[in-house]
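*Asks:* A single structure is presented below for examination.
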Amino acid sequence: MSSHHTPAHVAGHTASKARADGLLAAFEPRPVATRCGTPSYVVAREVVHDALAALRAGGYEVLSFITAVDRLSIADGRVPQGRARFLLVHQIEVLDTAEAVRVETELTEADATAPTVTDLWPGASFMEREVYDMFGIRFDGHPNLTRLLMPDGYGHHPLRKEFPHQGIEPDRLYREWDERRRAQDPSVPPEEQAPSPFQRR
Amino acid sequence: MTTRADHPKTRQVFEYAPGSEYLDDPVQGELMHLNVGPQHPATHGVLRLEVDLDGETMHNVVPVVGYLHRGKEKTCETLGWHKFFPHTDRLDYVQPLLNNTAYALACEELAGIEVPERGQVVRVLLMEISRIAAHLIYLGTTAIDLGAVSIFFATFKEREKIYTLLDAYSGHRMNNTYIRIGGVFADVEESVAQLFDEFLDQFPAAIDGFETFLTGNRIWHDRNRDVGVITREDALAWALTGPNLRGSGVERDLRKVRPYSGYETYDFEVPVGTVGDCYDRYLVRIEEMRQSTRIAKQALARLATTKGADVIAEDRRYVLPPKDRVHSSMEELIYQFKVVTDLRLPKGEAYHAVESSKGELGFYVVSDGSSNPVRCHIRGPGLYNVQAIPLLAEGRLFSDMMAIIGSLDFVMGEVDR
């Protein structure tokens, strides 16, 4: 227990566990141990939307964040035995108490789709777009599932473990634009002579 | 007495102005597509907005973000737990010490580290000073966007004093990186505490000064009242936090709801608005500066009574040894080397959020027990403040956009990460 585990925190976790246990009983939740004490459950993808709707109706009306975790090991390029590659995480909270709950969903690489929660919280829109952009997880029913941080037409999902930190072809979009430009007007100098903004000096 | 409309000069302008025949008949149904930013001084960084205008009225506002994306989360996975600290400074770069603390608290939660009493007090002092500095930026830049130039200099005069304070404390004006896992890097010396005290003594009078510029100012009222109204329900549904949520009348402050670093032992109040317009958000931030001053004063009083106590934990598995001992002891030097190059936090996941100047700033960290984090998700408030722009702006005049952007208060370093 660390020093920010005040009595308010501990009481919040206990109350939240009781509340979420009751609300989630119909969805076959699997409890997960967390280091911070927040009650956390894994539920199946088919029921995650209904589970979150039930929690919202039961008092968890603040959406804190939506994110994902890629469990691919960098060392051997494999996913740990018996686990799906992606873990989709929703954290929701009660407005005026310290109660919070995390709802997690396992998603395989072959079928990385999940239902959207933008109908419950419109503010989930950017969170889901970010997860799609970074991990390639698609959200069924999202009104505008486009990339958020990376440019449109970018071919990769940067927070997947196989994506290298230094990036892949950082100047690809520039080169394609340059080729199109020269095809239209052959008199402009070729790429070797036009300095690339991405060139290392 | 001639009214303005039939004054000969006015008539002359109307008669000879080209296109004046359209003045009574604005173009209906035809939208103009306008691109604002990413390089525009009033968008507070590299925010781009695509706006469809019908005359001066905004339809279909689309915020486009990502121009400052530097891959901070990926960088954390590569660099490791300890070396990520300087990168947190560069998220919301007007309040680096608050960002440091949020990240340190998440790591401490993961490792179960106890921060010494005095370390927590120093953190609270630095967090509240950072909050004041960030709100001063909000006040100055928002006012200058709406045409009030003098207040910008008044706020930056105060901010300069904070820079000087932090320079005296840490040796850096910006990007201090003085919070570590387990506590803070250095204690606040008595001479520095004296400087903090002097600043806090004169600061309430400075806030009164800002209020004489704006609170009763007719132009400020015209530009801000009933502009950018967001209801309580909408603010919650759109994941707004911090002063933007409290401006709509929701009394939710993580320092009260989920206290950390001993906030439950400090005496302060949480201001809330009633209408949820730009003016309410302004009033909330003004009052928050007063309350931050109050908290910082209490922290200083506690520093005076706990002189000489440790400011950083003694847990050598995860916590850096103090610098003077590193220079005199071989063992401590080895610990320092291990923590910097190969810090391994226990396997598991944790989330910890703090009330930053803009809202809920949290870090969701996942460790597999190796020196590289599996995941470090930065839940910054800024992205969701940007997301709410269309909700506030659509249907209003384009000139209200600057008031709305300013009052939502985001920093693109944190929005784009």
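Convention: chains lettered A, B, ... in structure tokens order; per-chain residue numbering from 1; ligands numbered from 1 as shown.
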Residues of chain B within 6 Å of chain A, using only C-alpha atoms, as a list in words?
*Replies:*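 The complete set of qualifying residues is Gly66, Glu109, Leu110, Gly112, Ile113, Glu114, Ala237, Trp238, Ala239, Val257, Arg258, Tyr260, Ser261, Gly348, Glu349 and Ala350 of chain B.
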*Asks:* Please produce a file of the residues just selected, as a PDB file, in the first residue's frame, where the atoms kept are C-alpha atoms.
*Replies:*
ATOM      1  CA  GLY B  66      -1.894  15.429 -34.509  1.00  0.00           C
ATOM      2  CA  GLU B 109       1.154   2.964  -7.340  1.00  0.00           C
ATOM      3  CA  LEU B 110       2.580   0.176  -9.498  1.00  0.00           C
ATOM      4  CA  GLY B 112       3.795   0.272  -3.919  1.00  0.00           C
ATOM      5  CA  ILE B 113       6.243   2.950  -2.795  1.00  0.00           C
ATOM      6  CA  GLU B 114       5.604   5.109   0.257  1.00  0.00           C
ATOM      7  CA  ALA B 237     -21.039  12.858 -21.591  1.00  0.00           C
ATOM      8  CA  TRP B 238     -18.217  14.525 -23.542  1.00  0.00           C
ATOM      9  CA  ALA B 239     -15.613  13.510 -20.934  1.00  0.00           C
ATOM     10  CA  VAL B 257     -12.908  12.971  -4.689  1.00  0.00           C
ATOM     11  CA  ARG B 258      -9.784  10.808  -4.735  1.00  0.00           C
ATOM     12  CA  TYR B 260      -3.539  11.961  -3.268  1.00  0.00           C
ATOM     13  CA  SER B 261      -0.299  13.388  -1.812  1.00  0.00           C
ATOM     14  CA  GLY B 348       0.921  -5.551 -13.068  1.00  0.00           C
ATOM     15  CA  GLU B 349      -1.140  -2.540 -14.073  1.00  0.00           C
ATOM     16  CA  ALA B 350      -2.023   0.697 -12.338  1.00  0.00           C
TER      17      ALA B 350
END
*Asks:* Neighbours of Gly380 in chain B within 12 Å (only C-alpha atoms; same-chain residues fewer than 6 positions away dropped), as a PDB file with N, CA and C atoms, in the first residue's frame?
*Replies:*
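Resulting contents of result20.pdb:
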ATOM      1  N   SER A  64     -13.573   7.748 -17.952  1.00  0.00           N
ATOM      2  CA  SER A  64     -12.241   8.286 -17.712  1.00  0.00           C
ATOM      3  C   SER A  64     -11.342   8.114 -18.941  1.00  0.00           C
ATOM      4  N   PHE A  65     -11.185   6.886 -19.401  1.00  0.00           N
ATOM      5  CA  PHE A  65     -10.380   6.706 -20.613  1.00  0.00           C
ATOM      6  C   PHE A  65     -10.699   5.376 -21.273  1.00  0.00           C
ATOM      7  N   ILE A  66     -10.367   5.287 -22.561  1.00  0.00           N
ATOM      8  CA  ILE A  66     -10.401   4.023 -23.291  1.00  0.00           C
ATOM      9  C   ILE A  66      -9.028   3.863 -23.910  1.00  0.00           C
ATOM     10  N   MET A 127     -11.427   8.944 -28.129  1.00  0.00           N
ATOM     11  CA  MET A 127     -10.686   7.863 -27.478  1.00  0.00           C
ATOM     12  C   MET A 127     -10.635   6.640 -28.397  1.00  0.00           C
TER      13      MET A 127
ATOM     14  N   THR B  88       7.735  13.759 -19.845  1.00  0.00           N
ATOM     15  CA  THR B  88       6.454  14.194 -19.294  1.00  0.00           C
ATOM     16  C   THR B  88       6.402  15.719 -19.175  1.00  0.00           C
ATOM     17  N   LEU B  91       4.823  17.445 -22.187  1.00  0.00           N
ATOM     18  CA  LEU B  91       3.420  17.225 -22.558  1.00  0.00           C
ATOM     19  C   LEU B  91       2.667  18.541 -22.457  1.00  0.00           C
ATOM     20  N   ASP B  92       2.328  18.930 -21.224  1.00  0.00           N
ATOM     21  CA  ASP B  92       1.693  20.225 -21.019  1.00  0.00           C
ATOM     22  C   ASP B  92       2.791  21.139 -20.490  1.00  0.00           C
ATOM     23  N   LEU B  98       3.604  19.381 -12.501  1.00  0.00           N
ATOM     24  CA  LEU B  98       2.354  18.628 -12.331  1.00  0.00           C
ATOM     25  C   LEU B  98       2.386  17.339 -13.154  1.00  0.00           C
ATOM     26  N   ASN B  99       2.900  17.435 -14.390  1.00  0.00           N
ATOM     27  CA  ASN B  99       2.987  16.241 -15.231  1.00  0.00           C
ATOM     28  C   ASN B  99       3.926  15.217 -14.603  1.00  0.00           C
ATOM     29  N   ALA B 102       2.186  13.422 -11.764  1.00  0.00           N
ATOM     30  CA  ALA B 102       1.177  12.448 -12.196  1.00  0.00           C
ATOM     31  C   ALA B 102       1.849  11.142 -12.607  1.00  0.00           C
ATOM     32  N   TYR B 103       2.936  11.241 -13.358  1.00  0.00           N
ATOM     33  CA  TYR B 103       3.633  10.037 -13.811  1.00  0.00           C
ATOM     34  C   TYR B 103       4.286   9.315 -12.638  1.00  0.00           C
ATOM     35  N   ALA B 239     -16.848  13.821 -21.648  1.00  0.00           N
ATOM     36  CA  ALA B 239     -15.613  13.510 -20.934  1.00  0.00           C
ATOM     37  C   ALA B 239     -14.807  14.746 -20.577  1.00  0.00           C
ATOM     38  N   LEU B 240     -15.492  15.884 -20.374  1.00  0.00           N
ATOM     39  CA  LEU B 240     -14.768  17.075 -19.921  1.00  0.00           C
ATOM     40  C   LEU B 240     -14.417  16.908 -18.441  1.00  0.00           C
ATOM     41  N   THR B 241     -13.286  17.466 -18.039  1.00  0.00           N
ATOM     42  CA  THR B 241     -12.866  17.407 -16.642  1.00  0.00           C
ATOM     43  C   THR B 241     -12.320  18.779 -16.252  1.00  0.00           C
ATOM     44  N   GLY B 242     -12.003  18.919 -14.988  1.00  0.00           N
ATOM     45  CA  GLY B 242     -11.329  20.132 -14.529  1.00  0.00           C
ATOM     46  C   GLY B 242     -12.228  21.351 -14.556  1.00  0.00           C
ATOM     47  N   HIS B 352      -3.205   6.118 -12.174  1.00  0.00           N
ATOM     48  CA  HIS B 352      -3.320   7.184 -11.181  1.00  0.00           C
ATOM     49  C   HIS B 352      -3.514   8.509 -11.890  1.00  0.00           C
ATOM     50  N   ALA B 353      -4.498   9.275 -11.429  1.00  0.00           N
ATOM     51  CA  ALA B 353      -4.775  10.563 -12.054  1.00  0.00           C
ATOM     52  C   ALA B 353      -4.641  11.669 -11.025  1.00  0.00           C
ATOM     53  N   VAL B 354      -4.207  12.831 -11.485  1.00  0.00           N
ATOM     54  CA  VAL B 354      -4.170  14.012 -10.628  1.00  0.00           C
ATOM     55  C   VAL B 354      -5.060  15.080 -11.251  1.00  0.00           C
ATOM     56  N   GLU B 355      -5.438  16.046 -10.437  1.00  0.00           N
ATOM     57  CA  GLU B 355      -6.199  17.184 -10.930  1.00  0.00           C
ATOM     58  C   GLU B 355      -5.191  18.194 -11.457  1.00  0.00           C
ATOM     59  N   SER B 356      -4.975  18.203 -12.779  1.00  0.00           N
ATOM     60  CA  SER B 356      -4.042  19.188 -13.329  1.00  0.00           C
ATOM     61  C   SER B 356      -4.826  20.476 -13.570  1.00  0.00           C
ATOM     62  N   SER B 357      -4.135  21.499 -14.073  1.00  0.00           N
ATOM     63  CA  SER B 357      -4.824  22.776 -14.261  1.00  0.00           C
ATOM     64  C   SER B 357      -5.931  22.655 -15.301  1.00  0.00           C
ATOM     65  N   LYS B 358      -5.843  21.651 -16.193  1.00  0.00           N
ATOM     66  CA  LYS B 358      -6.819  21.524 -17.271  1.00  0.00           C
ATOM     67  C   LYS B 358      -7.852  20.438 -17.000  1.00  0.00           C
ATOM     68  N   GLY B 359      -7.614  19.586 -15.996  1.00  0.00           N
ATOM     69  CA  GLY B 359      -8.543  18.497 -15.726  1.00  0.00           C
ATOM     70  C   GLY B 359      -7.823  17.246 -15.271  1.00  0.00           C
ATOM     71  N   GLU B 360      -8.430  16.096 -15.567  1.00  0.00           N
ATOM     72  CA  GLU B 360      -7.869  14.833 -15.083  1.00  0.00           C
ATOM     73  C   GLU B 360      -6.674  14.433 -15.943  1.00  0.00           C
ATOM     74  N   LEU B 361      -5.483  14.472 -15.345  1.00  0.00           N
ATOM     75  CA  LEU B 361      -4.278  14.014 -16.036  1.00  0.00           C
ATOM     76  C   LEU B 361      -3.852  12.712 -15.379  1.00  0.00           C
ATOM     77  N   GLY B 362      -3.988  11.602 -16.107  1.00  0.00           N
ATOM     78  CA  GLY B 362      -3.684  10.301 -15.514  1.00  0.00           C
ATOM     79  C   GLY B 362      -2.748   9.495 -16.382  1.00  0.00           C
ATOM     80  N   PHE B 363      -2.035   8.582 -15.741  1.00  0.00           N
ATOM     81  CA  PHE B 363      -1.167   7.668 -16.472  1.00  0.00           C
ATOM     82  C   PHE B 363      -1.627   6.247 -16.186  1.00  0.00           C
ATOM     83  N   TYR B 364      -1.895   5.477 -17.245  1.00  0.00           N
ATOM     84  CA  TYR B 364      -2.256   4.070 -17.106  1.00  0.00           C
ATOM     85  C   TYR B 364      -1.006   3.292 -17.500  1.00  0.00           C
ATOM     86  N   VAL B 386     -10.504  19.640 -26.657  1.00  0.00           N
ATOM     87  CA  VAL B 386     -10.540  19.963 -28.084  1.00  0.00           C
ATOM     88  C   VAL B 386     -11.767  19.329 -28.725  1.00  0.00           C
ATOM     89  N   PHE B 410      -6.436  24.404 -23.611  1.00  0.00           N
ATOM     90  CA  PHE B 410      -5.657  23.183 -23.823  1.00  0.00           C
ATOM     91  C   PHE B 410      -4.282  23.581 -24.323  1.00  0.00           C
ATOM     92  N   VAL B 411      -3.338  22.665 -24.176  1.00  0.00           N
ATOM     93  CA  VAL B 411      -1.991  22.877 -24.676  1.00  0.00           C
ATOM     94  C   VAL B 411      -1.701  21.736 -25.646  1.00  0.00           C
ATOM     95  N   MET B 412      -1.305  22.075 -26.859  1.00  0.00           N
ATOM     96  CA  MET B 412      -1.244  21.045 -27.896  1.00  0.00           C
ATOM     97  C   MET B 412      -0.175  19.987 -27.614  1.00  0.00           C
ATOM     98  N   GLY B 413       0.838  20.314 -26.835  1.00  0.00           N
ATOM     99  CA  GLY B 413       1.845  19.319 -26.487  1.00  0.00           C
ATOM    100  C   GLY B 413       1.226  18.120 -25.796  1.00  0.00           C
ATOM    101  N   GLU B 414       0.188  18.372 -25.004  1.00  0.00           N
ATOM    102  CA  GLU B 414      -0.477  17.288 -24.293  1.00  0.00           C
ATOM    103  C   GLU B 414      -1.576  16.663 -25.151  1.00  0.00           C
ATOM    104  N   VAL B 415      -2.241  17.473 -25.978  1.00  0.00           N
ATOM    105  CA  VAL B 415      -3.303  16.948 -26.841  1.00  0.00           C
ATOM    106  C   VAL B 415      -2.720  15.935 -27.821  1.00  0.00           C
ATOM    107  N   ASP B 416      -1.608  16.287 -28.447  1.00  0.00           N
ATOM    108  CA  ASP B 416      -1.044  15.443 -29.500  1.00  0.00           C
ATOM    109  C   ASP B 416      -0.032  14.432 -28.986  1.00  0.00           C
ATOM    110  N   ARG B 417       0.555  14.658 -27.858  1.00  0.00           N
ATOM    111  CA  ARG B 417       1.493  13.749 -27.221  1.00  0.00           C
ATOM    112  C   ARG B 417       2.691  13.412 -28.096  1.00  0.00           C
TER     113      ARG B 417
END
*Asks:* Mind giving me the straight-line distance from CA of Ala110 in chain A to CA of Thr75 in chain B in Å, one decimal?
*Replies:* 26.6 Å
*Asks:* Which residues of range 116-205 of chain B come within 6 Å of range 311-326 of chain B, and for each one, what is the closest pair of atoms and their distance in Å to one decimal, counting only C-alpha atoms, sorted by chain and residue number, as CSV?
*Replies:*
residue,atom,partner,partner_atom,distance
B:Pro116,CA,B:Val311,CA,5.9
B:Arg118,CA,B:Val311,CA,5.3
B:Gly119,CA,B:Val311,CA,3.9
B:Ile181,CA,B:Val319,CA,5.9
B:Gly182,CA,B:Ala313,CA,5.0
B:Gly183,CA,B:Ile312,CA,4.1
B:Val184,CA,B:Ile312,CA,5.7
*Asks:* DSSP on the backbone: what in range 303-384 of chain B comes out strand (DSSP E), as a ChimeraX atom specification?
*Replies:* /B:348-355,360-367,375-379
*Asks:* Counting only C-alpha atoms, figure out which residue out of B:Ala301, B:Ala403, B:Arg396, B:Tyr384 gets nearest to Glu128 in chain A.
*Replies:*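 Using only C-alpha atoms, Glu128 in chain A sits closest to B:Tyr384.
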*Asks:* Would you mind listing, for every residue of range 271-377 of chain B within 6 Å of range 244-249 of chain B, the two atoms forming the shortest contact and the distance between them in Å to one decimal, using only C-alpha atoms, sorted by chain and ascending residue number, as a Markdown table?
*Replies:*
| residue | atom | partner | partner_atom | distance |
| --- | --- | --- | --- | --- |
| B:Val272 | CA | B:Arg246 | CA | 4.8 |
| B:Gly273 | CA | B:Gly247 | CA | 4.2 |
| B:Thr274 | CA | B:Gly249 | CA | 5.1 |
| B:Val275 | CA | B:Ser248 | CA | 5.9 |
| B:Gly276 | CA | B:Ser248 | CA | 3.8 |
| B:Asp280 | CA | B:Gly247 | CA | 5.2 |
| B:Arg281 | CA | B:Gly247 | CA | 4.7 |
*Asks:* What does the structure give for the distance between CA of Gly59 in chain A and CA of Leu236 in chain B, in Å to one decimal?
*Replies:*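 Separation of CA of Gly59 in chain A and CA of Leu236 in chain B: 12.6 Å.
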